[in-house]
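Peer 1: The structure is given below, and queries will be raised subsequently.
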2 protein chains.
Amino acid sequence: MGPSRIAIIAGSGRFPFHVAEAARRRGVSVVAVGLKGWVDASLAGQVDAYEELAVGELGQLIRALKRHAVSQAIMAGKVTKAVLLDQGTAFDPETLAILGRVKDFSVAALLGAVGERLAQEGITLLDSSTFLRDQLCPAGVLTARGPSPVEAEDIRVGLQVGRQLAALDVGQTVIVKRRVVVAVEALEGTDAAIQRAHALSGDGLVVVKTAAAAHDRRFDLPVIGPQTIATLTTSGVSCLAVEAGTTLLLDREQLLGAANAAGLCLIGVEPAA
Amino acid sequence: MGPSRIAIIAGSGRFPFHVAEAARRRGVSVVAVGLKGWVDASLAGQVDAYEELAVGELGQLIRALKRHAVSQAIMAGKVTKAVLLDQGTAFDPETLAILGRVKDFSVAALLGAVGERLAQEGITLLDSSTFLRDQLCPAGVLTARGPSPVEAEDIRVGLQVGRQLAALDVGQTVIVKRRVVVAVEALEGTDAAIQRAHALSGDGLVVVKTAAAAHDRRFDLPVIGPQTIATLTTSGVSCLAVEAGTTLLLDREQLLGAANAAGLCLIGVEPAA
């Protein structure tokens, strides 16, 4: 038994669309609150009710969720910490209260505090993979081709670095070539980090995406889809390793078809103990 | 009593020039072996003997050092791990033997192995700060202005991340703004990482440069000079924190003059225990 009505607090990318589709397929009514500047507004056409708010308007968000009478919400899609540094962002008193209260500006602390505030209003933040459990990446090689010995060694190096970075809340992606860490993602995003690595050291890159060891699936799940494969193959990436169980594979058949056509190796690695 | 004759194995930047000058000021004869593609060849005019070799010609390097009858050498100036990925680099058998033997491709492992190989030939690698001890950064605020409370908090965040990255041999530099890690250096170099951070989040950046906790001063000392300050000030950096005791301040008066003129805060932090 799941909820009969949910809200999606929607950032960028395809993730909110997939949550909406999967929820509605199960007969769940969906209200989407799109985050201005991040959401793809065509989400409006895929849900039962839609409105937009700016990031930093937590008071408005609470009022909107109550107005729509939802008691369960899912955060889906990307919003980066760049919003904290954007001079144009106006934080309302509810948001400022959270910024003043958190012990640090980690994603876990910030969104954990938002989750607590929503809970005070009777709104539960659900695991963002609630409707997409069958789309979580399994462990093992997913493509026709497994990692070469050189790629396997690069995955090992990338996981070691990536898990530290994820634990420090820096970024999710590390790009390695022949045991050399070529680029590390922070605020610039995955694609920019991969393109920098390609410019610095050419083809044959191994990309490792990790999540923090104690990952809270209420937010910030790494997501890969067919578009990810296109970006990787045009940027000289031969192998992608992601953490099993905390990474979503969207449009899996199309994704794996594209990966196999490009000779790319995709592998799900067991999360760190 | 120091050596009467040394060799400098010279990479890029001003560091080899400063070592050469300081050594000769003490009456030490200097042979420089410049690394092609990295060294500023005008070093030839500042030393007693000069030749150039490509990175990866360890056998040639050993023969050159023996021909010049030096038993003590200093590595100075930058060479990045990009050389390991450059298709154009031809590694001689001595170098390939080292690449095959090291347990990983960390700077410590690679250069430690080079140091051992040189030791077999009776050549000792000296601490690269041997002639520049008085130029090692002290602990404390060096500029007219100390860190603001916001900058002090960013230094704390940057040190935490930077020490992990240094221990993992990823890079030395972390750029923070209001507790958000904006950029992390890997193979692209310090200036590129700072410029990326500036493009992503504008002025008011705090740059933290760290060394690994167990730092071997035979190689890879972080170096800052007047040119560093110029790069920082044109890239929106308001504060630079470096580790005391393992960072060289070149041309200190000119450096601090430039920093003060720009209102920049420069601080030396005690290395991690």
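Simple scheme: letters A, B, ... for chains in structure tokens order, numbers from 1 for residues in each chain, numbers from 1 for ligands in the order shown.
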Could the residues of chain A within 10 Å of chain B, counting only C-alpha atoms, be given as JSON, numbers by chain, please?

Peer 2: {"A": [81, 82, 83, 84, 85, 86, 87, 104, 105, 106, 157, 160, 161, 164, 165, 167, 168, 169, 170, 171, 174, 175, 177, 178, 179, 180, 181, 182, 183, 184, 185, 186, 187, 188, 196, 197, 199, 200, 201, 202]}

Peer 1: Per DSSP on the backbone, what are the strand (DSSP E) residues of region 11-256 of chain A, as number ranges by chain?

Peer 2: A: 29-35, 49-53, 72-76, 124-125, 140-141, 173-177, 180-184, 205-209, 223-224, 237-243, 248-249

Peer 1: Which neighbours of Gly225 (chain A) fall inside 7 Å, counting only C-alpha atoms, when residues of the same chain fewer than 4 positions from it are skipped, and could you give them as a ChimeraX atom specification?

Peer 2: /A:229,249-251,255

Peer 1: Near Thr228 (chain B), counting only C-alpha atoms, which residues have an atom at most 12 Å away, once you skip same-chain residues fewer than 2 positions from it, shown as a VMD selection string?

Peer 2: chain B and resid 13 to 14 190 to 191 194 207 222 to 226 230 to 235 237 240 248 to 252 254 to 256 258 to 259 264 266
